[in-house]
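Chemist: You'll find coords_36.txt just under this line, and it carries compact mmCIF, C-alpha atoms and all ligand atoms.
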```txt
# COMPACT_ATOMS: atom_id res chain seq x y z
CA MET A 1 214.01 -20.32 108.55
CA THR A 2 213.26 -18.52 111.80
CA SER A 3 210.39 -19.45 114.07
CA LEU A 4 208.79 -17.83 117.11
CA THR A 5 207.00 -19.49 120.01
CA PHE A 6 203.96 -17.83 121.53
CA LYS A 7 202.92 -19.22 124.92
CA GLY A 8 199.20 -19.10 125.65
CA PRO A 9 196.87 -18.30 127.13
CA GLY A 10 197.26 -14.60 127.87
CA GLN A 11 195.85 -11.09 127.70
CA PHE A 12 196.99 -7.78 126.25
CA LEU A 13 197.33 -4.91 128.70
CA GLY A 14 198.87 -1.47 128.20
CA ALA A 15 199.48 1.15 125.51
CA LEU A 16 200.66 0.68 121.94
CA VAL A 17 202.00 3.17 119.41
CA PRO A 18 201.90 1.23 116.13
CA PRO A 19 204.56 1.86 113.48
CA GLY A 20 203.82 4.17 110.54
CA ASP A 21 201.23 3.17 107.98
CA LYS A 22 202.65 1.07 105.15
CA SER A 23 200.24 2.22 102.44
CA ILE A 24 200.81 5.88 103.33
CA SER A 25 204.60 5.47 103.64
CA HIS A 26 204.74 4.08 100.08
CA ARG A 27 202.68 6.95 98.72
CA ALA A 28 204.71 9.49 100.73
CA LEU A 29 207.90 8.32 99.01
CA LEU A 30 206.36 8.47 95.54
CA PHE A 31 204.69 11.86 95.98
CA GLY A 32 207.86 13.19 97.60
CA ALA A 33 209.93 11.96 94.66
CA LEU A 34 207.63 13.52 92.05
CA SER A 35 207.19 16.88 93.81
CA GLU A 36 209.38 19.93 93.26
CA GLY A 37 211.23 20.60 96.50
CA LEU A 38 211.68 19.02 99.90
CA SER A 39 209.00 16.83 101.52
CA VAL A 40 209.45 15.78 105.13
CA TYR A 41 207.54 12.86 106.59
CA GLU A 42 207.56 11.93 110.27
CA ASN A 43 206.81 8.39 111.43
CA PHE A 44 207.81 6.78 108.12
CA LEU A 45 207.58 2.95 108.27
CA GLU A 46 211.09 1.52 108.06
CA SER A 47 210.00 -1.97 107.03
CA GLU A 48 211.51 -4.09 104.25
CA ASP A 49 208.67 -3.28 101.81
CA CYS A 50 209.03 0.48 102.19
CA LEU A 51 212.83 0.35 102.18
CA CYS A 52 212.74 -1.49 98.83
CA LEU A 53 210.77 1.37 97.30
CA LEU A 54 213.06 3.94 98.94
CA ASN A 55 216.07 2.18 97.47
CA VAL A 56 214.75 2.03 93.90
CA LEU A 57 213.77 5.71 93.99
CA ARG A 58 217.36 6.52 95.00
CA MET A 59 218.51 4.44 92.01
CA MET A 60 216.49 6.81 89.81
CA GLY A 61 218.17 9.91 91.20
CA VAL A 62 215.92 10.90 94.12
CA GLU A 63 217.78 12.08 97.22
CA ILE A 64 216.19 10.60 100.30
CA GLU A 65 217.58 11.10 103.78
CA LYS A 66 216.62 9.28 106.91
CA GLN A 67 217.60 11.13 110.06
CA PRO A 68 219.64 8.75 112.23
CA GLY A 69 217.74 7.34 115.19
CA SER A 70 214.43 8.83 114.03
CA THR A 71 211.64 7.77 111.70
CA THR A 72 211.67 11.07 109.79
CA VAL A 73 212.53 10.94 106.08
CA SER A 74 213.25 13.90 103.82
CA VAL A 75 212.67 13.44 100.12
CA ARG A 76 214.15 15.93 97.65
CA GLY A 77 211.71 15.64 94.76
CA VAL A 78 212.89 15.70 91.16
CA GLY A 79 209.55 16.76 89.65
CA LEU A 80 207.14 14.77 87.52
CA GLY A 81 209.58 14.41 84.64
CA GLY A 82 212.84 14.27 86.60
CA LEU A 83 213.43 10.58 87.36
CA LYS A 84 216.60 9.15 85.78
CA PRO A 85 216.77 5.82 83.94
CA PRO A 86 218.02 3.17 86.40
CA SER A 87 221.25 1.38 85.51
CA LYS A 88 220.08 -1.88 87.14
CA GLU A 89 216.90 -3.84 87.75
CA LEU A 90 214.56 -2.34 90.32
CA TYR A 91 214.11 -4.99 93.03
CA LEU A 92 210.90 -4.61 95.03
CA GLY A 93 211.19 -7.59 97.39
CA ASN A 94 207.82 -8.79 98.66
CA SER A 95 205.90 -5.58 98.00
CA GLY A 96 202.89 -5.68 95.69
CA THR A 97 202.05 -2.07 96.57
CA ALA A 98 205.53 -0.85 95.61
CA MET A 99 205.49 -2.73 92.31
CA ARG A 100 201.98 -1.77 91.23
CA LEU A 101 202.21 1.90 92.22
CA LEU A 102 205.67 2.26 90.70
CA LEU A 103 204.40 0.80 87.40
CA GLY A 104 201.92 3.69 87.29
CA VAL A 105 204.73 6.23 87.82
CA LEU A 106 207.07 4.56 85.32
CA ALA A 107 204.29 4.50 82.71
CA GLY A 108 204.78 8.25 82.56
CA GLN A 109 208.60 8.21 82.17
CA HIS A 110 210.34 8.26 78.80
CA PHE A 111 212.78 5.46 79.61
CA GLU A 112 212.92 1.72 80.10
CA ALA A 113 213.08 0.01 83.49
CA SER A 114 212.90 -3.59 84.70
CA LEU A 115 211.09 -4.55 87.87
CA THR A 116 211.74 -7.73 89.84
CA GLY A 117 210.66 -9.17 93.17
CA ASP A 118 210.96 -12.20 95.44
CA PRO A 119 209.24 -15.50 94.50
CA SER A 120 205.97 -14.46 96.20
CA LEU A 121 205.81 -11.11 94.38
CA SER A 122 206.79 -12.79 91.10
CA SER A 123 203.73 -15.02 91.36
CA ARG A 124 201.22 -12.23 92.02
CA PRO A 125 198.96 -11.05 89.16
CA MET A 126 200.05 -7.82 87.51
CA ARG A 127 197.75 -7.70 84.49
CA ARG A 128 195.19 -5.86 86.58
CA VAL A 129 197.66 -2.94 86.35
CA THR A 130 199.63 -3.65 83.19
CA ASP A 131 196.53 -4.07 80.97
CA PRO A 132 195.07 -0.60 81.66
CA LEU A 133 198.54 0.99 81.61
CA LYS A 134 199.16 -0.56 78.17
CA GLN A 135 195.80 0.77 77.06
CA MET A 136 197.04 4.22 78.14
CA GLY A 137 200.09 3.76 75.90
CA ALA A 138 202.84 2.23 78.08
CA GLN A 139 204.85 -0.65 76.63
CA ILE A 140 205.13 -3.45 79.18
CA LYS A 141 206.59 -6.91 78.74
CA GLY A 142 206.64 -9.88 81.07
CA LYS A 143 205.54 -13.49 81.42
CA GLU A 144 201.97 -14.38 80.39
CA ASN A 145 201.18 -11.10 78.73
CA ALA A 146 202.86 -8.98 81.40
CA ASN A 147 201.02 -10.73 84.23
CA PHE A 148 204.10 -11.70 86.21
CA ALA A 149 207.38 -10.05 87.22
CA PRO A 150 210.06 -9.64 86.04
CA LEU A 151 208.45 -6.86 84.01
CA THR A 152 210.02 -4.37 81.63
CA ILE A 153 208.25 -1.09 81.12
CA ARG A 154 208.88 1.78 78.69
CA GLY A 155 206.63 4.71 79.41
CA GLY A 156 205.71 8.03 77.88
CA ASN A 157 203.10 9.44 75.49
CA LEU A 158 200.13 8.32 77.56
CA ARG A 159 196.48 9.13 76.91
CA GLY A 160 193.65 9.03 79.45
CA ILE A 161 191.23 6.11 79.64
CA ASP A 162 187.96 5.29 81.37
CA PHE A 163 188.41 2.49 83.88
CA ASN A 164 186.06 0.60 86.18
CA ASN A 165 187.87 -0.53 89.34
CA ARG A 166 185.76 -3.68 89.70
CA LEU A 167 188.28 -5.40 91.97
CA ALA A 168 188.06 -2.47 94.42
CA SER A 169 191.86 -2.46 94.40
CA ALA A 170 193.55 0.64 95.80
CA GLN A 171 196.80 -0.45 94.17
CA VAL A 172 195.25 -0.55 90.70
CA LYS A 173 193.42 2.73 91.26
CA SER A 174 196.59 4.39 92.52
CA ALA A 175 198.72 3.14 89.62
CA LEU A 176 196.21 4.67 87.18
CA LEU A 177 196.01 7.93 89.14
CA PHE A 178 199.82 8.22 88.97
CA ALA A 179 199.79 7.45 85.23
CA GLY A 180 196.89 9.88 84.75
CA MET A 181 199.12 12.77 85.89
CA PHE A 182 201.25 12.15 82.75
CA ALA A 183 198.44 11.43 80.28
CA GLU A 184 196.82 13.65 77.64
CA GLY A 185 193.13 14.15 78.37
CA GLU A 186 191.21 12.87 81.34
CA THR A 187 191.71 9.55 83.11
CA LYS A 188 188.42 8.56 84.70
CA ILE A 189 188.19 5.84 87.32
CA LEU A 190 184.86 4.57 88.59
CA GLU A 191 184.87 2.83 91.96
CA PRO A 192 181.68 0.84 92.55
CA VAL A 193 182.95 0.04 96.06
CA ALA A 194 185.41 2.49 97.64
CA SER A 195 188.93 1.29 98.35
CA ARG A 196 191.48 3.09 100.56
CA ASP A 197 191.82 6.71 99.46
CA HIS A 198 195.34 7.67 100.57
CA THR A 199 196.46 8.48 97.02
CA GLU A 200 193.52 10.82 96.51
CA ARG A 201 194.42 12.65 99.74
CA PHE A 202 198.03 13.07 98.55
CA LEU A 203 196.83 14.31 95.14
CA ARG A 204 194.72 17.03 96.80
CA ALA A 205 197.49 18.02 99.19
CA SER A 206 200.04 18.23 96.34
CA GLY A 207 197.86 20.37 94.08
CA ALA A 208 197.41 17.82 91.27
CA LYS A 209 194.61 18.32 88.74
CA PHE A 210 192.32 15.87 90.45
CA LYS A 211 188.62 15.91 91.22
CA GLN A 212 186.16 13.48 92.69
CA ASP A 213 182.42 13.23 92.28
CA GLY A 214 181.20 10.40 94.51
CA PRO A 215 182.48 7.15 93.03
CA LEU A 216 184.03 8.88 89.99
CA LEU A 217 187.65 10.02 90.13
CA VAL A 218 189.06 12.22 87.37
CA ILE A 219 192.71 13.12 86.94
CA GLU A 220 194.38 15.26 84.30
CA LYS A 221 197.92 15.91 83.23
CA SER A 222 199.56 17.88 86.03
CA ASP A 223 202.44 20.36 85.56
CA ARG A 224 203.88 20.18 89.03
CA LEU A 225 203.30 18.74 92.47
CA SER A 226 204.00 20.74 95.62
CA PRO A 227 206.01 19.13 98.39
CA PHE A 228 204.64 19.08 101.91
CA GLN A 229 205.34 17.97 105.46
CA THR A 230 203.19 15.58 107.41
CA LYS A 231 203.19 13.00 110.15
CA ILE A 232 202.28 9.54 108.90
CA PRO A 233 199.68 7.95 111.20
CA GLY A 234 200.28 4.58 112.83
CA ASP A 235 199.17 1.62 110.74
CA ILE A 236 195.72 0.36 111.72
CA SER A 237 196.51 -2.88 109.87
CA SER A 238 199.43 -3.44 112.27
CA ALA A 239 197.44 -2.28 115.30
CA ALA A 240 194.72 -4.73 114.21
CA PHE A 241 196.65 -7.68 115.68
CA PHE A 242 196.58 -6.09 119.12
CA ILE A 243 193.07 -4.64 118.78
CA THR A 244 191.66 -8.03 117.82
CA GLY A 245 193.73 -9.92 120.38
CA ALA A 246 192.50 -7.59 123.12
CA ALA A 247 188.87 -7.66 121.93
CA MET A 248 188.67 -11.47 122.04
CA THR A 249 190.32 -11.96 125.45
CA GLU A 250 188.47 -11.26 128.68
CA GLY A 251 190.45 -8.96 130.97
CA SER A 252 192.45 -7.32 128.14
CA ASN A 253 192.62 -3.53 127.99
CA VAL A 254 194.69 -1.76 125.32
CA LEU A 255 195.03 1.88 124.29
CA VAL A 256 196.30 2.36 120.73
CA LYS A 257 197.73 5.83 120.21
CA ASP A 258 198.48 7.92 117.10
CA VAL A 259 196.78 5.42 114.83
CA GLY A 260 195.27 6.08 111.38
CA LEU A 261 191.47 6.27 111.42
CA ASN A 262 190.79 6.75 107.73
CA PRO A 263 187.23 5.42 107.24
CA THR A 264 188.37 3.43 104.18
CA ARG A 265 190.57 1.41 106.57
CA THR A 266 188.58 1.06 109.79
CA GLY A 267 186.18 -1.71 108.73
CA ILE A 268 187.71 -3.98 111.35
CA LEU A 269 186.40 -1.77 114.15
CA GLN A 270 182.82 -2.04 112.85
CA VAL A 271 183.10 -5.82 112.59
CA LEU A 272 184.58 -6.26 116.07
CA LYS A 273 181.89 -3.98 117.54
CA ARG A 274 179.25 -6.07 115.77
CA MET A 275 180.81 -9.14 117.37
CA GLY A 276 180.28 -7.49 120.76
CA ALA A 277 183.68 -5.86 121.37
CA GLU A 278 184.00 -2.80 123.58
CA ILE A 279 185.82 -0.23 121.44
CA GLU A 280 186.04 3.54 121.88
CA VAL A 281 187.54 5.81 119.23
CA THR A 282 188.77 9.39 119.71
CA VAL A 283 189.72 11.38 116.61
CA THR A 284 192.51 13.89 117.22
CA GLN A 285 193.28 14.94 113.60
CA GLU A 286 191.23 14.95 110.38
CA ILE A 287 193.53 16.28 107.62
CA PRO A 288 195.38 15.08 105.61
CA GLU A 289 194.66 11.71 107.23
CA PRO A 290 192.30 11.06 110.16
CA MET A 291 194.21 9.92 113.21
CA GLY A 292 193.53 9.33 116.90
CA GLU A 293 193.20 6.75 119.67
CA ILE A 294 191.42 3.44 120.04
CA ARG A 295 190.63 1.92 123.45
CA VAL A 296 189.73 -1.80 123.37
CA LYS A 297 188.49 -3.85 126.31
CA GLY A 298 188.29 -7.62 126.06
CA GLY A 299 185.20 -9.78 126.36
CA ARG A 300 183.29 -12.67 124.80
CA LEU A 301 182.65 -12.16 121.10
CA HIS A 302 179.89 -13.69 119.02
CA GLY A 303 179.94 -14.72 115.38
CA THR A 304 179.21 -12.45 112.42
CA GLU A 305 179.10 -12.35 108.62
CA ILE A 306 181.40 -10.29 106.42
CA ALA A 307 180.28 -9.90 102.81
CA ARG A 308 181.83 -8.45 99.65
CA GLU A 309 180.96 -4.75 100.09
CA GLU A 310 182.69 -4.66 103.46
CA ILE A 311 185.92 -6.32 102.30
CA PRO A 312 187.95 -3.36 100.88
CA ALA A 313 187.88 -1.50 104.24
CA LEU A 314 189.30 -4.52 106.09
CA VAL A 315 190.96 -6.66 103.43
CA ASP A 316 194.28 -6.96 105.27
CA GLU A 317 192.58 -7.65 108.60
CA LEU A 318 190.66 -10.75 107.44
CA PRO A 319 193.35 -13.20 108.63
CA VAL A 320 193.24 -11.90 112.20
CA LEU A 321 189.43 -11.66 112.05
CA MET A 322 189.41 -15.38 111.19
CA VAL A 323 191.22 -15.94 114.49
CA ALA A 324 188.58 -13.93 116.39
CA MET A 325 185.81 -15.82 114.58
CA SER A 326 187.41 -19.15 115.50
CA LEU A 327 187.07 -18.23 119.17
CA ALA A 328 183.67 -16.49 119.03
CA GLU A 329 180.34 -17.95 120.08
CA ASP A 330 178.25 -19.35 117.17
CA GLU A 331 179.09 -19.39 113.48
CA SER A 332 180.77 -16.80 111.30
CA LEU A 333 181.00 -16.45 107.54
CA ILE A 334 183.36 -14.54 105.25
CA SER A 335 182.28 -14.31 101.60
CA GLY A 336 183.28 -12.25 98.57
CA ALA A 337 186.93 -12.30 99.65
CA GLU A 338 188.55 -14.15 96.72
CA GLU A 339 191.18 -11.37 96.54
CA LEU A 340 192.75 -12.96 99.63
CA ARG A 341 193.94 -15.76 97.37
CA VAL A 342 196.34 -13.42 95.55
CA LYS A 343 197.94 -11.68 98.51
CA GLU A 344 201.51 -12.44 99.70
CA THR A 345 200.20 -16.00 99.96
CA ASP A 346 196.71 -17.48 99.50
CA ARG A 347 195.43 -16.21 102.84
CA ILE A 348 192.20 -18.25 102.78
CA ARG A 349 194.21 -21.44 102.41
CA SER A 350 197.02 -20.45 104.79
CA MET A 351 194.69 -19.40 107.60
CA VAL A 352 192.25 -22.31 107.27
CA HIS A 353 195.12 -24.82 107.14
CA ASN A 354 196.86 -23.34 110.20
CA LEU A 355 193.78 -22.66 112.31
CA LYS A 356 192.64 -26.26 111.81
CA ARG A 357 196.05 -27.44 112.99
CA VAL A 358 195.73 -25.58 116.28
CA GLY A 359 192.19 -26.81 116.97
CA ALA A 360 189.78 -24.41 115.23
CA SER A 361 186.67 -25.51 113.35
CA ILE A 362 186.95 -23.68 110.02
CA GLU A 363 186.14 -24.65 106.43
CA GLU A 364 187.56 -23.16 103.26
CA LEU A 365 185.11 -21.70 100.73
CA PRO A 366 186.11 -20.50 97.25
CA ASP A 367 185.63 -16.88 98.34
CA GLY A 368 186.09 -17.01 102.10
CA CYS A 369 185.44 -19.39 104.98
CA LEU A 370 182.84 -20.74 107.36
CA VAL A 371 183.82 -20.82 111.02
CA LYS A 372 182.24 -22.51 114.02
CA GLY A 373 183.60 -20.92 117.18
CA VAL A 374 185.33 -23.02 119.84
CA SER A 375 186.05 -21.95 123.42
CA GLU A 376 189.81 -22.44 123.21
CA LEU A 377 192.51 -23.63 120.82
CA GLN A 378 194.90 -26.47 121.55
CA GLY A 379 198.13 -25.03 120.13
CA GLY A 380 200.64 -26.59 117.76
CA VAL A 381 203.11 -25.81 114.99
CA VAL A 382 201.96 -23.55 112.12
CA GLN A 383 203.52 -22.07 108.98
CA SER A 384 203.57 -18.47 107.75
CA PHE A 385 203.91 -19.55 104.08
CA GLY A 386 206.11 -16.45 103.81
CA ASP A 387 203.17 -14.17 104.61
CA HIS A 388 203.58 -11.56 107.36
CA ARG A 389 199.89 -11.22 108.18
CA THR A 390 199.39 -14.99 108.41
CA ALA A 391 202.34 -15.17 110.83
CA MET A 392 201.16 -12.31 113.06
CA SER A 393 197.52 -13.50 113.10
CA LEU A 394 198.60 -16.92 114.36
CA ALA A 395 200.67 -15.30 117.10
CA VAL A 396 197.45 -13.62 118.26
CA ALA A 397 195.67 -16.99 118.31
CA SER A 398 197.99 -18.04 121.17
CA LEU A 399 196.11 -15.68 123.54
CA ARG A 400 193.29 -18.22 123.67
CA SER A 401 195.31 -21.39 123.22
CA ARG A 402 195.90 -23.98 125.93
CA GLY A 403 199.26 -24.97 124.49
CA GLU A 404 201.92 -22.86 122.81
CA ILE A 405 201.76 -21.89 119.13
CA VAL A 406 205.03 -22.16 117.22
CA VAL A 407 204.98 -20.04 114.08
CA GLU A 408 207.52 -21.19 111.51
CA GLY A 409 208.85 -18.73 108.94
CA THR A 410 208.64 -15.45 110.81
CA ASP A 411 211.28 -13.48 108.84
CA CYS A 412 208.47 -12.13 106.66
CA ILE A 413 207.08 -10.12 109.59
CA ALA A 414 209.80 -7.55 108.87
CA THR A 415 208.09 -6.62 105.58
CA SER A 416 205.47 -4.62 107.49
CA TYR A 417 206.09 -4.74 111.26
CA PRO A 418 209.76 -5.17 112.22
CA VAL A 419 209.05 -4.53 115.93
CA PHE A 420 206.04 -6.85 116.18
CA GLU A 421 207.70 -9.28 118.57
CA GLN A 422 208.77 -6.49 120.96
CA HIS A 423 205.28 -4.96 120.92
CA PHE A 424 203.75 -8.39 121.49
CA SER A 425 205.94 -9.13 124.54
CA HIS A 426 205.38 -5.62 125.88
CA LEU A 427 201.57 -5.99 125.88
CA LEU A 428 201.34 -9.70 126.76
CA LYS A 429 200.42 -10.81 130.26
CA VAL A 430 200.51 -14.61 130.44
CA ARG A 431 197.85 -16.10 132.67
C1 LIG A 501 197.12 -1.59 99.42
C2 LIG A 501 195.94 -2.05 98.89
C3 LIG A 501 195.38 -3.39 99.17
C4 LIG A 501 196.02 -4.01 100.40
C5 LIG A 501 197.51 -3.86 100.38
C6 LIG A 501 197.91 -2.40 100.37
C7 LIG A 501 197.60 -0.24 99.07
O1 LIG A 501 195.66 -4.24 98.06
O2 LIG A 501 195.66 -5.36 100.50
O3 LIG A 501 198.07 -4.47 101.54
O4 LIG A 501 198.50 0.28 99.75
O5 LIG A 501 197.07 0.33 98.10
P1 LIG A 501 194.72 -4.29 96.75
O6 LIG A 501 194.85 -3.01 96.02
O7 LIG A 501 195.25 -5.44 95.96
O8 LIG A 501 193.33 -4.52 97.26
```
As a first step, turn the structure in this file into structure tokens.

Modeler:
Amino acid sequence: MTSLTFKGPGQFLGALVPPGDKSISHRALLFGALSEGLSVYENFLESEDCLCLLNVLRMMGVEIEKQPGSTTVSVRGVGLGGLKPPSKELYLGNSGTAMRLLLGVLAGQHFEASLTGDPSLSSRPMRRVTDPLKQMGAQIKGKENANFAPLTIRGGNLRGIDFNNRLASAQVKSALLFAGMFAEGETKILEPVASRDHTERFLRASGAKFKQDGPLLVIEKSDRLSPFQTKIPGDISSAAFFITGAAMTEGSNVLVKDVGLNPTRTGILQVLKRMGAEIEVTVTQEIPEPMGEIRVKGGRLHGTEIAREEIPALVDELPVLMVAMSLAEDESLISGAEELRVKETDRIRSMVHNLKRVGASIEELPDGCLVKGVSELQGGVVQSFGDHRTAMSLAVASLRSRGEIVVEGTDCIATSYPVFEQHFSHLLKVR
């Protein structure tokens, strides 16, 4: 097991170009694979999660080329019905997004495939996707009523359903939108609270039979998808470690360039501003995905509350926000975030356990946590529990820690942000 030592206290100063967005890179591969013709994506995220999906698509006959020394990928699509039956199991590593979205695509294919993952992925709930896909007509088998990988799916002959996305899960929504392109009749998805809309943007750009009326999404069987070229914006969920670190440290000043600014993902900026952070946003592109720059200047933050409706737009940023809350003036509360318990690890438990170990005052709640800010942390040894965002959030905690923070189990960082350590050292100025 690898570990990394982060010496505190410090500040972040300088410019950051975050790596490509993970959610969008996954969708880019799938839309590219299902289109007819060549799609070219710049700034593709070459992390373990995305490379797992790339690899399994190749196993089903999709030609994907990465240009050496660049982050551009070209995907030669095989069309909606052109995937080939894989000769081996499809291994998806640690990636819940890859597994859930791919289940939606495979639900439309007339062959059988088996999906596996690492121990973390094999313990994550899949019925949220397999239940509605079965209702649409897919045959799916796996432990506890197809709740856990390994899963075997045989697709084809789907019919549309009406579905309420109560969990506000973009993965579930996306799986059903993919399946809906293969189903007879309409597939209608109601989203009481909006989740990230990258799939919808790809559907529009590819010419799928998709329409949206407020919270209601409707997809119909599509004949063909058109390929296209685009630059994938930088991942705001990766930039979030540096944005939050800078915001909570007096004297920090960071410019994040070419970063995704999709409003379904920028909840963290609203929360940090509410906590008193100085943040300026400049939008440089709107379509297909909003993108631009974020300037963050450090200062003293005060506590805030984050409730259920706000969670989907910042779900992956909650661990690092817990760090900011631990070092803010007054109390903070996160509620309605029980979904954190079924991420790569139970992120409520992992963050509360670790933050307590380094000197924070934080209590676990069933659906979040209650935090009483302290002026500095003491430092100590913490564990990632195999979760990339837990590991990177604790690295950020070192900026306001008297002693060093040793994060054990840092291999997992490569699932989403292989160059995190380099970016961290580049921006860090130790006081
Ligand atoms: C994702 C959706 C979110 C998020 C995950 C990526 C996606 O998960 O936490 O990191 O790309 O659709 P849920 O759909 O489970 O909320």

Chemist: Would you list the residues near (209.7, 18.4, 97.3), meaning any protein, DNA or RNA residue with an atom at most 9 Å from that point in file coordinates, counting all atoms listed in the file, as a list of chain:residue names?

Modeler: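 Residues with an atom close enough to that point: A:Phe31, A:Gly32, A:Ala33, A:Leu34, A:Ser35, A:Glu36, A:Gly37, A:Leu38, A:Ser39, A:Val40, A:Ser74, A:Val75, A:Arg76, A:Gly77, A:Val78, A:Gly79, A:Leu225, A:Ser226, A:Pro227, A:Phe228.
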
Chemist: Can you check which parts of chain A lie within 8 Å of ligand LIG 501 (chain A)? Per residue, the shortest pair of atoms and distance in Å to one decimal, counting all atoms listed in the file, sorted by chain and number, as CSV.

Modeler:
```
residue,atom,partner,partner_atom,distance
A:Lys22,CA,A:LIG501,O4,6.9
A:Ser23,CA,A:LIG501,O4,3.7
A:Ile24,CA,A:LIG501,O4,7.0
A:His26,CA,A:LIG501,O4,7.3
A:Arg27,CA,A:LIG501,O4,7.9
A:Gly96,CA,A:LIG501,C5,7.4
A:Thr97,CA,A:LIG501,O4,5.3
A:Leu101,CA,A:LIG501,O5,8.0
A:Leu167,CA,A:LIG501,O8,7.4
A:Ala168,CA,A:LIG501,O8,6.3
A:Ser169,CA,A:LIG501,O6,3.4
A:Ala170,CA,A:LIG501,O6,3.9
A:Gln171,CA,A:LIG501,O6,3.7
A:Val172,CA,A:LIG501,O6,5.9
A:Lys173,CA,A:LIG501,O6,7.6
A:Ser174,CA,A:LIG501,O5,6.9
A:Ser195,CA,A:LIG501,O8,7.4
A:Arg196,CA,A:LIG501,O5,6.7
A:His198,CA,A:LIG501,O5,7.9
A:Pro312,CA,A:LIG501,O8,6.6
A:Val315,CA,A:LIG501,O2,5.7
A:Asp316,CA,A:LIG501,O2,5.2
A:Glu339,CA,A:LIG501,O8,7.2
A:Lys343,CA,A:LIG501,O2,7.0
```

Chemist: For CA of Ala246 in chain A and CA of Leu399 in chain A, determine how far apart the two atoms are, in Å to one decimal place.

Modeler: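 CA of Leu399 in chain A lies at a distance of 8.9 Å from CA of Ala246 in chain A.
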
Chemist: For CA of Lys221 in chain A and CA of Arg204 in chain A, determine how far apart the two atoms are, in Å to one decimal place.

Modeler: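 Computing it gives 14.0 Å between the two atoms.
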
Chemist: Report as JSON lines the residues of range 333-382 of chain A within 12 Å of range 285-301 of chain A, each with its shortest atom pair and distance in Å (one decimal), using only C-alpha atoms, ordered by chain and increasing residue number.

Modeler:
```
{"residue": "A:Gly373", "atom": "CA", "partner": "A:Leu301", "partner_atom": "CA", "distance": 9.6}
{"residue": "A:Val374", "atom": "CA", "partner": "A:Leu301", "partner_atom": "CA", "distance": 11.3}
{"residue": "A:Ser375", "atom": "CA", "partner": "A:Arg300", "partner_atom": "CA", "distance": 9.8}
{"residue": "A:Glu376", "atom": "CA", "partner": "A:Arg300", "partner_atom": "CA", "distance": 11.9}
```

Chemist: Which residues come within 7 Å of range 389-394 of chain A, counting all atoms listed in the file, excluding same-chain residues fewer than 6 positions away, as a PyMOL selection string?

Modeler: chain A and resi 241+319-320+323+347+350-351+407+410

Chemist: My list of candidates is A:Gln11, A:Ser384, A:Asn157, A:Asn164. Which is closest to Phe182 in chain A when distances are computed with all atoms listed in the file?

Modeler: A:Asn157

Chemist: How far is it from CA of Gly155 in chain A to CA of Ala28 in chain A, in Å with one decimal?

Modeler: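 Taking CA of Gly155 in chain A and CA of Ala28 in chain A, their separation equals 21.9 Å.
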